[in-house]
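Listing of start.txt, compact mmCIF, C-alpha atoms and all ligand atoms
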```txt
# COMPACT_ATOMS: atom_id res chain seq x y z
CA MET A 1 0.00 0.00 0.00
CA LYS A 2 1.12 3.54 -0.77
CA VAL A 3 1.63 6.36 1.70
CA PHE A 4 2.18 9.88 0.41
CA VAL A 5 3.81 12.51 2.67
CA THR A 6 3.64 16.11 1.41
CA ARG A 7 6.98 17.25 2.94
CA LYS A 8 10.03 15.74 4.60
CA ILE A 9 9.05 15.08 8.23
CA PRO A 10 11.34 13.58 10.91
CA GLU A 11 12.66 10.18 9.92
CA ILE A 12 11.30 8.30 12.95
CA GLY A 13 7.75 8.02 11.56
CA LEU A 14 8.86 7.42 7.98
CA LYS A 15 11.12 4.58 9.14
CA LEU A 16 8.22 2.88 10.85
CA LEU A 17 6.07 3.20 7.74
CA ARG A 18 8.78 2.00 5.31
CA LYS A 19 8.82 -1.39 7.06
CA LYS A 20 5.35 -2.14 5.68
CA TYR A 21 4.44 0.41 3.05
CA ASP A 22 5.62 2.07 -0.13
CA VAL A 23 6.35 5.56 1.21
CA LYS A 24 6.74 8.56 -1.11
CA VAL A 25 7.86 11.89 0.34
CA HIS A 26 7.59 15.20 -1.52
CA LYS A 27 11.15 16.34 -0.85
CA SER A 28 11.03 20.05 -1.77
CA PRO A 29 11.48 22.49 1.14
CA LEU A 30 8.59 24.50 -0.35
CA PRO A 31 4.90 23.62 -0.01
CA ILE A 32 3.70 21.15 -2.61
CA SER A 33 1.79 22.65 -5.56
CA LYS A 34 -1.87 21.84 -6.01
CA SER A 35 -1.26 19.94 -9.23
CA ALA A 36 1.49 17.79 -7.67
CA LEU A 37 -0.74 17.11 -4.69
CA ILE A 38 -3.63 16.08 -6.98
CA ASN A 39 -1.31 13.77 -8.92
CA ASN A 40 -0.06 12.07 -5.80
CA VAL A 41 -3.32 11.60 -3.92
CA LYS A 42 -4.95 9.79 -6.85
CA ASN A 43 -3.37 6.47 -6.03
CA CYS A 44 -2.29 6.72 -2.39
CA ASP A 45 -3.82 4.63 0.40
CA ALA A 46 -2.82 7.11 3.08
CA LEU A 47 -1.93 10.80 3.02
CA ILE A 48 0.17 12.68 5.57
CA PRO A 49 -0.33 16.41 4.87
CA LEU A 50 0.89 19.51 6.69
CA LEU A 51 -1.25 22.30 8.09
CA THR A 52 -0.24 24.34 5.01
CA ASP A 53 -1.82 21.84 2.58
CA LYS A 54 -5.44 22.51 1.74
CA ILE A 55 -7.33 19.24 1.67
CA ASP A 56 -10.65 20.44 0.27
CA LYS A 57 -13.57 18.75 -1.52
CA GLU A 58 -11.87 19.04 -4.91
CA LEU A 59 -8.79 17.21 -3.66
CA ILE A 60 -10.74 14.62 -1.70
CA ASP A 61 -12.71 13.83 -4.87
CA LYS A 62 -9.43 12.91 -6.57
CA MET A 63 -8.64 10.29 -3.93
CA LYS A 64 -9.60 6.93 -5.33
CA GLN A 65 -8.31 4.59 -2.63
CA CYS A 66 -7.24 6.79 0.30
CA LYS A 67 -8.31 5.47 3.69
CA ILE A 68 -6.74 8.01 6.00
CA ILE A 69 -5.62 11.64 6.06
CA ALA A 70 -3.19 11.83 8.98
CA ASN A 71 -2.58 15.56 9.49
CA TYR A 72 0.91 16.43 10.71
CA ALA A 73 -0.53 19.03 13.13
CA VAL A 74 -2.99 19.27 15.97
CA GLY A 75 -5.06 21.89 14.14
CA PHE A 76 -7.11 20.52 11.25
CA ASN A 77 -8.73 23.63 9.74
CA ASN A 78 -6.84 22.81 6.51
CA ILE A 79 -9.01 19.72 5.96
CA ASP A 80 -12.68 19.42 5.03
CA VAL A 81 -13.15 16.81 7.74
CA GLU A 82 -16.87 16.23 7.26
CA TYR A 83 -16.46 15.67 3.53
CA ALA A 84 -13.54 13.28 4.01
CA LYS A 85 -15.54 11.30 6.56
CA SER A 86 -18.56 11.21 4.22
CA LYS A 87 -16.26 9.52 1.70
CA GLY A 88 -15.20 6.94 4.28
CA ILE A 89 -11.75 8.50 4.82
CA ALA A 90 -10.52 8.69 8.43
CA VAL A 91 -8.96 11.98 9.57
CA THR A 92 -6.44 12.15 12.41
CA ASN A 93 -4.29 14.84 14.00
CA THR A 94 -1.37 14.97 16.46
CA PRO A 95 -2.71 16.11 19.85
CA ASP A 96 -0.86 15.91 23.20
CA VAL A 97 2.64 15.48 21.76
CA LEU A 98 3.02 19.20 20.96
CA THR A 99 1.17 20.58 23.98
CA ASP A 100 4.27 21.39 26.04
CA SER A 101 6.22 22.86 23.13
CA THR A 102 3.35 25.17 22.22
CA ALA A 103 2.66 26.18 25.82
CA ASP A 104 6.38 26.93 26.27
CA LEU A 105 6.21 29.15 23.19
CA ALA A 106 3.13 31.00 24.46
CA MET A 107 5.10 31.77 27.64
CA THR A 108 8.17 32.74 25.59
CA LEU A 109 6.07 35.31 23.73
CA THR A 110 4.44 36.46 26.96
CA LEU A 111 7.79 37.10 28.65
CA ALA A 112 9.28 38.62 25.50
CA CYS A 113 6.37 41.08 25.27
CA ALA A 114 6.23 41.82 28.99
CA ARG A 115 9.98 42.51 29.22
CA ARG A 116 10.38 44.20 25.81
CA PHE A 117 12.91 41.56 24.84
CA ASN A 118 13.02 42.50 21.14
CA GLU A 119 13.62 46.16 21.83
CA GLY A 120 16.48 45.28 24.18
CA GLU A 121 18.02 42.92 21.64
CA GLU A 122 17.79 45.55 18.94
CA VAL A 123 19.68 48.02 21.14
CA MET A 124 22.48 45.50 21.61
CA ARG A 125 22.69 44.39 17.99
CA ASN A 126 22.77 48.02 16.83
CA LYS A 127 25.53 48.77 19.39
CA LYS A 128 23.34 51.42 21.05
CA PHE A 129 23.77 50.32 24.66
CA GLY A 130 24.76 53.44 26.58
CA GLY A 131 24.81 51.89 30.06
CA TRP A 132 22.26 51.09 32.75
CA HIS A 133 19.42 53.60 32.93
CA PRO A 134 16.71 53.86 35.61
CA THR A 135 13.81 54.35 33.20
CA PHE A 136 14.97 52.50 30.11
CA LEU A 137 12.73 49.84 28.45
CA LEU A 138 10.50 49.32 31.47
CA GLY A 139 8.18 46.37 31.16
CA MET A 140 5.75 44.41 33.27
CA GLU A 141 6.14 41.73 35.95
CA LEU A 142 3.93 38.67 35.70
CA LYS A 143 3.36 38.16 39.43
CA ASN A 144 -0.21 38.99 40.51
CA LYS A 145 -1.25 39.82 36.94
CA THR A 146 -4.39 38.30 35.47
CA PHE A 147 -3.74 35.81 32.69
CA GLY A 148 -6.75 35.11 30.46
CA ILE A 149 -6.82 31.83 28.57
CA LEU A 150 -9.05 31.73 25.50
CA GLY A 151 -9.81 28.05 25.06
CA ALA A 152 -8.95 25.75 27.95
CA GLY A 153 -8.10 22.61 26.01
CA ARG A 154 -4.77 20.82 26.29
CA ILE A 155 -2.51 23.71 25.20
CA GLY A 156 -4.57 26.36 26.98
CA THR A 157 -4.43 24.35 30.20
CA ALA A 158 -0.67 23.77 29.93
CA THR A 159 -0.11 27.48 29.30
CA ALA A 160 -2.33 28.47 32.23
CA ILE A 161 -0.38 26.17 34.57
CA ARG A 162 2.89 27.77 33.44
CA ALA A 163 1.49 31.30 33.86
CA ASN A 164 0.21 30.36 37.31
CA GLY A 165 3.75 29.22 38.13
CA PHE A 166 4.86 32.78 37.40
CA GLY A 167 2.32 34.03 39.97
CA CYS A 168 -0.54 34.95 37.58
CA LYS A 169 -4.21 34.63 38.49
CA ILE A 170 -6.03 32.65 35.81
CA LEU A 171 -9.30 33.45 34.05
CA TYR A 172 -10.50 31.17 31.28
CA TYR A 173 -13.10 31.22 28.55
CA SER A 174 -14.23 27.83 27.36
CA ILE A 175 -17.43 26.04 26.36
CA LYS A 176 -16.80 23.31 28.91
CA ARG A 177 -15.82 23.73 32.51
CA ASN A 178 -12.22 22.63 33.16
CA LYS A 179 -12.25 21.30 36.72
CA PHE A 180 -8.65 20.10 36.48
CA LEU A 181 -7.48 23.64 35.66
CA GLU A 182 -9.65 25.10 38.41
CA GLN A 183 -8.20 22.71 40.99
CA LYS A 184 -4.64 23.17 39.81
CA THR A 185 -4.60 26.98 39.53
CA LYS A 186 -7.83 28.28 41.15
CA ALA A 187 -8.77 29.43 37.64
CA LYS A 188 -12.18 31.07 37.15
CA LYS A 189 -14.40 30.37 34.15
CA VAL A 190 -15.75 33.66 32.81
CA SER A 191 -17.48 35.08 29.75
CA LEU A 192 -15.37 36.19 26.79
CA GLU A 193 -16.20 39.84 27.50
CA ASN A 194 -15.23 39.51 31.17
CA LEU A 195 -11.94 37.85 30.24
CA LEU A 196 -11.00 40.50 27.66
CA ASN A 197 -11.97 43.29 30.03
CA ASN A 198 -10.07 42.04 33.05
CA SER A 199 -6.95 40.26 31.80
CA ASP A 200 -3.48 41.76 31.70
CA ILE A 201 -2.33 39.02 29.34
CA ILE A 202 -4.64 37.19 26.93
CA SER A 203 -3.41 34.00 25.29
CA ILE A 204 -5.38 32.38 22.45
CA HIS A 205 -5.68 28.59 22.36
CA LEU A 206 -8.81 27.98 20.31
CA PRO A 207 -9.17 25.87 17.19
CA LEU A 208 -10.04 27.75 14.00
CA ASN A 209 -13.54 27.07 12.74
CA SER A 210 -16.59 29.03 11.57
CA LYS A 211 -17.36 30.02 15.18
CA THR A 212 -13.88 31.28 16.05
CA ASP A 213 -13.00 32.98 12.75
CA HIS A 214 -12.56 36.67 13.75
CA LEU A 215 -13.92 35.90 17.22
CA LEU A 216 -11.74 38.78 18.36
CA ASP A 217 -13.26 41.41 16.10
CA ARG A 218 -13.04 45.19 16.61
CA LYS A 219 -15.76 45.21 19.24
CA LYS A 220 -14.08 42.49 21.31
CA LEU A 221 -10.57 43.92 20.88
CA GLU A 222 -11.83 47.26 22.16
CA LEU A 223 -12.57 45.55 25.50
CA LEU A 224 -8.84 45.07 26.16
CA LYS A 225 -7.07 47.13 28.82
CA THR A 226 -4.59 49.73 27.52
CA SER A 227 -1.89 47.80 29.41
CA ALA A 228 -2.87 44.43 27.85
CA ILE A 229 -0.61 41.94 26.09
CA LEU A 230 -2.22 39.69 23.47
CA ILE A 231 -0.56 36.38 22.55
CA ASN A 232 -1.61 34.21 19.61
CA THR A 233 -0.08 30.78 19.08
CA ALA A 234 -3.32 29.26 17.69
CA ARG A 235 -4.45 30.57 14.29
CA GLY A 236 -4.16 34.09 12.87
CA GLU A 237 -7.71 34.17 11.52
CA ILE A 238 -9.14 34.17 15.07
CA VAL A 239 -8.17 37.87 15.41
CA ASP A 240 -9.03 40.85 13.22
CA GLU A 241 -5.35 41.46 12.53
CA LYS A 242 -5.80 44.79 10.72
CA TYR A 243 -7.68 46.26 13.64
CA LEU A 244 -5.19 44.86 16.15
CA ILE A 245 -2.35 46.51 14.19
CA ARG A 246 -4.25 49.80 14.37
CA MET A 247 -4.54 49.40 18.15
CA LEU A 248 -0.85 48.57 18.50
CA LYS A 249 0.11 51.57 16.36
CA ASN A 250 -1.98 53.86 18.55
CA LYS A 251 -0.56 52.25 21.73
CA ARG A 252 -4.12 51.28 22.56
CA ILE A 253 -2.66 48.07 24.07
CA PHE A 254 0.84 47.46 25.45
CA SER A 255 2.02 44.79 23.03
CA ALA A 256 1.27 41.57 21.18
CA GLY A 257 3.12 38.34 20.51
CA PHE A 258 2.40 36.60 17.23
CA ASP A 259 3.31 33.06 16.20
CA VAL A 260 0.51 32.91 13.62
CA TYR A 261 -0.85 35.38 11.06
CA GLU A 262 -4.11 36.02 9.29
CA ASN A 263 -2.65 35.54 5.79
CA GLU A 264 0.16 33.17 6.68
CA PRO A 265 2.88 32.96 5.40
CA LYS A 266 2.33 36.57 4.30
CA VAL A 267 2.90 39.04 7.10
CA ASN A 268 1.24 42.43 7.05
CA PRO A 269 4.12 44.91 6.40
CA GLU A 270 2.63 47.31 8.97
CA LEU A 271 3.25 44.68 11.65
CA ILE A 272 6.95 44.52 10.86
CA LYS A 273 7.31 48.28 11.43
CA LEU A 274 5.93 48.09 14.97
CA LYS A 275 8.20 48.00 18.01
CA ASN A 276 5.57 46.73 20.44
CA VAL A 277 5.22 43.29 18.83
CA VAL A 278 7.17 40.06 18.94
CA LEU A 279 6.93 38.10 15.70
CA LEU A 280 7.75 34.42 15.30
CA PRO A 281 7.36 32.21 12.19
CA HIS A 282 4.78 29.65 13.44
CA LEU A 283 7.16 27.84 15.79
CA GLY A 284 4.62 26.45 18.30
CA SER A 285 5.55 22.82 17.85
CA ALA A 286 9.09 23.48 16.57
CA THR A 287 11.09 21.34 18.99
CA ASN A 288 12.84 18.09 18.13
CA ASP A 289 10.80 16.42 20.88
CA ALA A 290 7.44 17.51 19.49
CA ARG A 291 8.19 17.11 15.79
CA ASN A 292 9.60 13.59 16.28
CA ALA A 293 6.58 12.61 18.35
CA MET A 294 4.24 14.12 15.73
CA SER A 295 5.95 12.09 13.03
CA LEU A 296 5.60 8.90 15.02
CA LEU A 297 1.97 9.55 15.92
CA ALA A 298 1.00 10.35 12.31
CA ALA A 299 2.74 7.14 11.19
CA LYS A 300 1.02 5.07 13.88
CA ASN A 301 -2.35 6.48 12.85
CA VAL A 302 -1.65 5.52 9.23
CA ASP A 303 -0.53 2.04 10.21
CA ALA A 304 -3.56 1.49 12.45
CA VAL A 305 -6.04 2.41 9.71
CA LEU A 306 -4.21 0.55 6.91
CA SER A 307 -4.12 -2.52 9.17
CA GLY A 308 -7.88 -2.35 9.59
CA LYS A 309 -7.78 -0.99 13.15
CA SER A 310 -9.27 2.21 14.59
CA PRO A 311 -7.16 5.36 14.35
CA ILE A 312 -5.35 6.38 17.55
CA THR A 313 -6.21 10.08 17.50
CA PRO A 314 -9.20 10.60 15.21
CA VAL A 315 -10.50 14.09 14.65
C1 LIG B 1 -0.50 22.71 14.90
O1 LIG B 1 -0.03 21.58 14.99
O2 LIG B 1 -1.67 22.91 14.58
C2 LIG B 1 0.38 23.86 15.23
O3 LIG B 1 -0.10 25.04 14.71
C3 LIG B 1 1.80 23.59 14.80
O4 LIG B 1 2.64 24.53 15.39
```

As structure tokens, the full file:
Amino acid sequence: MKVFVTRKIPEIGLKLLRKKYDVKVHKSPLPISKSALINNVKNCDALIPLLTDKIDKELIDKMKQCKIIANYAVGFNNIDVEYAKSKGIAVTNTPDVLTDSTADLAMTLTLACARRFNEGEEVMRNKKFGGWHPTFLLGMELKNKTFGILGAGRIGTATAIRANGFGCKILYYSIKRNKFLEQKTKAKKVSLENLLNNSDIISIHLPLNSKTDHLLDRKKLELLKTSAILINTARGEIVDEKYLIRMLKNKRIFSAGFDVYENEPKVNPELIKLKNVVLLPHLGSATNDARNAMSLLAAKNVDAVLSGKSPITPV
């Protein structure tokens, strides 16, 4: 049976698959073109795509014998899941294994924004350090600040626990109550408006879907404190990026940390000009630990389904 992988992923998963299957990897460092993707999915039994590959109805219709789409990501907004399922194709993702990496990155951005890390680095790299100064690049301590978690799933919970370790009080917005988080951090479940109004730091950990697309629109963003820090390691489309840029320009909030962008990989040029932002190139799961584990989990999902068993982490 044939497995098609749309980009080189860590060897560990590929090695496992090669023992039993004919594995073809699209080797280019650039995203696969639509026509190459169409050509390759026609006769594959399993597909391992990336979050940058759009697996829509048109593509799914080209799959003649595919039994599983094993996304190499926890997010699956790149796949028309319902349509794939209606065609009898299983869809899986890679939860858990990237939780800690992504939560670490949310805290990295939080600290970088709070302590104006980028501005300090720029001073050093431009050889502008004139000596210690009592009022130079003053930032914000995390202790006793209110940390608002938007979406208290795995990554949101792990981020909240880290923030609580820094002395933050936790508010969370979630459909379901998270008793574990409440017990662990004394977190309070609140409405979205309450969270945006009362948090010093807001960290987004929601999946992207029709309900969360532009959830943070102008009206919601205007609820933020002028001293607020907004962190997004989830998906860019959840925030009205243009309006957020306007707020950052006008110092309407303190700063923002971005790992994801509304038109990724394009970055709004206005964002690059701003000093009060920290910009990363979608690095949430970019650790050897997480990426190896993602590779192995995607491979195990493929093997399970091609062996006639249930997928390990179905969407
Ligand atoms: C995912 O897996 O969805 C993340 O965005 C990767 O960093």

Please, what distance in Å, to one decimal, runs between CA of Asn276 (chain A) and CA of Thr212 (chain A)? 25.2 Å

For chain A versus ligand LIG 1 (chain B), which residues have an atom no more than 7 Å away, and what is each residue's nearest atom pair and distance in Å rounded to one decimal, using only C-alpha atoms and all ligand atoms, chain-then-number order, as a Markdown table?
```
| residue | atom | partner | partner_atom | distance |
| --- | --- | --- | --- | --- |
| A:Leu51 | CA | B:LIG1 | O2 | 6.5 |
| A:Tyr72 | CA | B:LIG1 | O1 | 6.8 |
| A:Ala73 | CA | B:LIG1 | O1 | 3.2 |
| A:Val74 | CA | B:LIG1 | O1 | 3.9 |
| A:Gly75 | CA | B:LIG1 | O2 | 3.6 |
| A:Phe76 | CA | B:LIG1 | O2 | 6.8 |
| A:Thr94 | CA | B:LIG1 | O1 | 6.9 |
| A:Thr102 | CA | B:LIG1 | O4 | 6.9 |
| A:Ala234 | CA | B:LIG1 | O3 | 6.1 |
| A:His282 | CA | B:LIG1 | O4 | 5.9 |
| A:Leu283 | CA | B:LIG1 | O4 | 5.6 |
| A:Gly284 | CA | B:LIG1 | O4 | 4.0 |
| A:Ser285 | CA | B:LIG1 | O4 | 4.2 |
| A:Ala286 | CA | B:LIG1 | O4 | 6.6 |
```

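The gap separating CA of His205 (chain A) from CA of Lys176 (chain A) is 13.9 Å, in Å to one decimal.
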
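Between CA of Ile89 (chain A) and CA of Thr6 (chain A) lies a distance of 17.5 Å.
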
Within 12 Å of Pro269 (chain A) using only C-alpha atoms, minus same-chain residues under 5 positions, as a ChimeraX atom specification: /A:241-242,245,261,263,274,279

Which polymer residues have any atom within 10 Å of an atom of Gly148 (chain A), counting all atoms listed in the file, with same-chain residues fewer than 4 positions away left out, as a ChimeraX atom specification? /A:152,156,160,163,168-173,187-190,192,194-204,230

With C-alpha atoms retained, export the selected residues as an mmCIF file, keeping the file's coordinate frame.
```cif
data_model
loop_
_atom_site.group_PDB
_atom_site.id
_atom_site.type_symbol
_atom_site.label_atom_id
_atom_site.label_comp_id
_atom_site.auth_asym_id
_atom_site.auth_seq_id
_atom_site.Cartn_x
_atom_site.Cartn_y
_atom_site.Cartn_z
ATOM 1 C CA ALA A 152 -8.950 25.750 27.950
ATOM 2 C CA GLY A 156 -4.570 26.360 26.980
ATOM 3 C CA ALA A 160 -2.330 28.470 32.230
ATOM 4 C CA ALA A 163 1.490 31.300 33.860
ATOM 5 C CA CYS A 168 -0.540 34.950 37.580
ATOM 6 C CA LYS A 169 -4.210 34.630 38.490
ATOM 7 C CA ILE A 170 -6.030 32.650 35.810
ATOM 8 C CA LEU A 171 -9.300 33.450 34.050
ATOM 9 C CA TYR A 172 -10.500 31.170 31.280
ATOM 10 C CA TYR A 173 -13.100 31.220 28.550
ATOM 11 C CA ALA A 187 -8.770 29.430 37.640
ATOM 12 C CA LYS A 188 -12.180 31.070 37.150
ATOM 13 C CA LYS A 189 -14.400 30.370 34.150
ATOM 14 C CA VAL A 190 -15.750 33.660 32.810
ATOM 15 C CA LEU A 192 -15.370 36.190 26.790
ATOM 16 C CA ASN A 194 -15.230 39.510 31.170
ATOM 17 C CA LEU A 195 -11.940 37.850 30.240
ATOM 18 C CA LEU A 196 -11.000 40.500 27.660
ATOM 19 C CA ASN A 197 -11.970 43.290 30.030
ATOM 20 C CA ASN A 198 -10.070 42.040 33.050
ATOM 21 C CA SER A 199 -6.950 40.260 31.800
ATOM 22 C CA ASP A 200 -3.480 41.760 31.700
ATOM 23 C CA ILE A 201 -2.330 39.020 29.340
ATOM 24 C CA ILE A 202 -4.640 37.190 26.930
ATOM 25 C CA SER A 203 -3.410 34.000 25.290
ATOM 26 C CA ILE A 204 -5.380 32.380 22.450
ATOM 27 C CA LEU A 230 -2.220 39.690 23.470
#
```

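Using only C-alpha atoms, the smallest distance between any of A:Ala114, A:Ile9, A:Ala84, A:Leu208 and Lys145 (chain A) comes from A:Ala114.
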
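When only C-alpha atoms are used to measure the gap to Ser174 (chain A), the shortest distance among A:Val3, A:Ile149, A:Ile60, A:Leu296 belongs to A:Ile149.
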
Using only C-alpha atoms, find all polymer residues with an atom at most 12 Å away from the point (13.8, 16.5, 17.8); report them as a ChimeraX atom specification. /A:9-12,97-98,101,285-296

Given the selection you just returned, output its residues as a file containing C-alpha atoms, formatted as an mmCIF file, in the coordinates of the input.
```
data_model
loop_
_atom_site.group_PDB
_atom_site.id
_atom_site.type_symbol
_atom_site.label_atom_id
_atom_site.label_comp_id
_atom_site.auth_asym_id
_atom_site.auth_seq_id
_atom_site.Cartn_x
_atom_site.Cartn_y
_atom_site.Cartn_z
ATOM 1 C CA ILE A 9 9.050 15.080 8.230
ATOM 2 C CA PRO A 10 11.340 13.580 10.910
ATOM 3 C CA GLU A 11 12.660 10.180 9.920
ATOM 4 C CA ILE A 12 11.300 8.300 12.950
ATOM 5 C CA VAL A 97 2.640 15.480 21.760
ATOM 6 C CA LEU A 98 3.020 19.200 20.960
ATOM 7 C CA SER A 101 6.220 22.860 23.130
ATOM 8 C CA SER A 285 5.550 22.820 17.850
ATOM 9 C CA ALA A 286 9.090 23.480 16.570
ATOM 10 C CA THR A 287 11.090 21.340 18.990
ATOM 11 C CA ASN A 288 12.840 18.090 18.130
ATOM 12 C CA ASP A 289 10.800 16.420 20.880
ATOM 13 C CA ALA A 290 7.440 17.510 19.490
ATOM 14 C CA ARG A 291 8.190 17.110 15.790
ATOM 15 C CA ASN A 292 9.600 13.590 16.280
ATOM 16 C CA ALA A 293 6.580 12.610 18.350
ATOM 17 C CA MET A 294 4.240 14.120 15.730
ATOM 18 C CA SER A 295 5.950 12.090 13.030
ATOM 19 C CA LEU A 296 5.600 8.900 15.020
#
```

Tell me which of A:Arg7, A:Arg218, A:His133, A:Arg154 sits closest to Arg246 (chain A), counting all atoms listed in the file. A:Arg218

A:Ile155, A:Ile55, A:Val23, A:Leu306: which is nearest Asp96 (chain A), counting all atoms listed in the file? A:Ile155

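Of the listed residues (A:Thr226, A:Asn209, A:Ile231, A:Thr146), A:Ile231 comes nearest to Leu111 (chain A); the distances count only C-alpha atoms.
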
Contacts of region 34-42 of chain A at 7 Å or less, counting only C-alpha atoms, minus same-chain residues fewer than 2 places along, as a PyMOL selection string? chain A and resi 4+32+44+59+62-64

Find the residues around Val302 (chain A) up to 7 Å (all atoms listed in the file counted), leave out those fewer than 4 positions away in its own chain, and share them as a ChimeraX atom specification. /A:46,68,70,298,306

Go ahead and write the selection's residues with C-alpha atoms as a PDB file, in the coordinates of the input.
```pdb
ATOM      1  CA  ALA A  46      -2.820   7.110   3.080  1.00  0.00           C
ATOM      2  CA  ILE A  68      -6.740   8.010   6.000  1.00  0.00           C
ATOM      3  CA  ALA A  70      -3.190  11.830   8.980  1.00  0.00           C
ATOM      4  CA  ALA A 298       1.000  10.350  12.310  1.00  0.00           C
ATOM      5  CA  LEU A 306      -4.210   0.550   6.910  1.00  0.00           C
TER       6      LEU A 306
END
```

Taking 6 positions as the minimum chain separation for residues in the same chain, which residues sit within 9 Å of Leu280 (chain A) when counting all atoms listed in the file? Answer as a ChimeraX atom specification. /A:109,257-260

Step by step: start from the point (5.0, 5.1, 3.6) in the file's coordinates, keep every protein, DNA or RNA residue that has an atom no farther than 10 Å from it, count all atoms listed in the file, and write the set as a CSV table (one decimal) with C-alpha atoms, in the frame of the given file.
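Written output follows (point23.csv):
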```
chain,number,residue,atom,x,y,z
A,1,MET,CA,0.0,0.0,0.0
A,2,LYS,CA,1.1,3.5,-0.8
A,3,VAL,CA,1.6,6.4,1.7
A,4,PHE,CA,2.2,9.9,0.4
A,5,VAL,CA,3.8,12.5,2.7
A,13,GLY,CA,7.8,8.0,11.6
A,14,LEU,CA,8.9,7.4,8.0
A,15,LYS,CA,11.1,4.6,9.1
A,16,LEU,CA,8.2,2.9,10.8
A,17,LEU,CA,6.1,3.2,7.7
A,18,ARG,CA,8.8,2.0,5.3
A,19,LYS,CA,8.8,-1.4,7.1
A,20,LYS,CA,5.4,-2.1,5.7
A,21,TYR,CA,4.4,0.4,3.0
A,22,ASP,CA,5.6,2.1,-0.1
A,23,VAL,CA,6.4,5.6,1.2
A,24,LYS,CA,6.7,8.6,-1.1
A,25,VAL,CA,7.9,11.9,0.3
A,44,CYS,CA,-2.3,6.7,-2.4
A,45,ASP,CA,-3.8,4.6,0.4
A,46,ALA,CA,-2.8,7.1,3.1
A,47,LEU,CA,-1.9,10.8,3.0
A,48,ILE,CA,0.2,12.7,5.6
A,299,ALA,CA,2.7,7.1,11.2
A,302,VAL,CA,-1.6,5.5,9.2
A,303,ASP,CA,-0.5,2.0,10.2
```
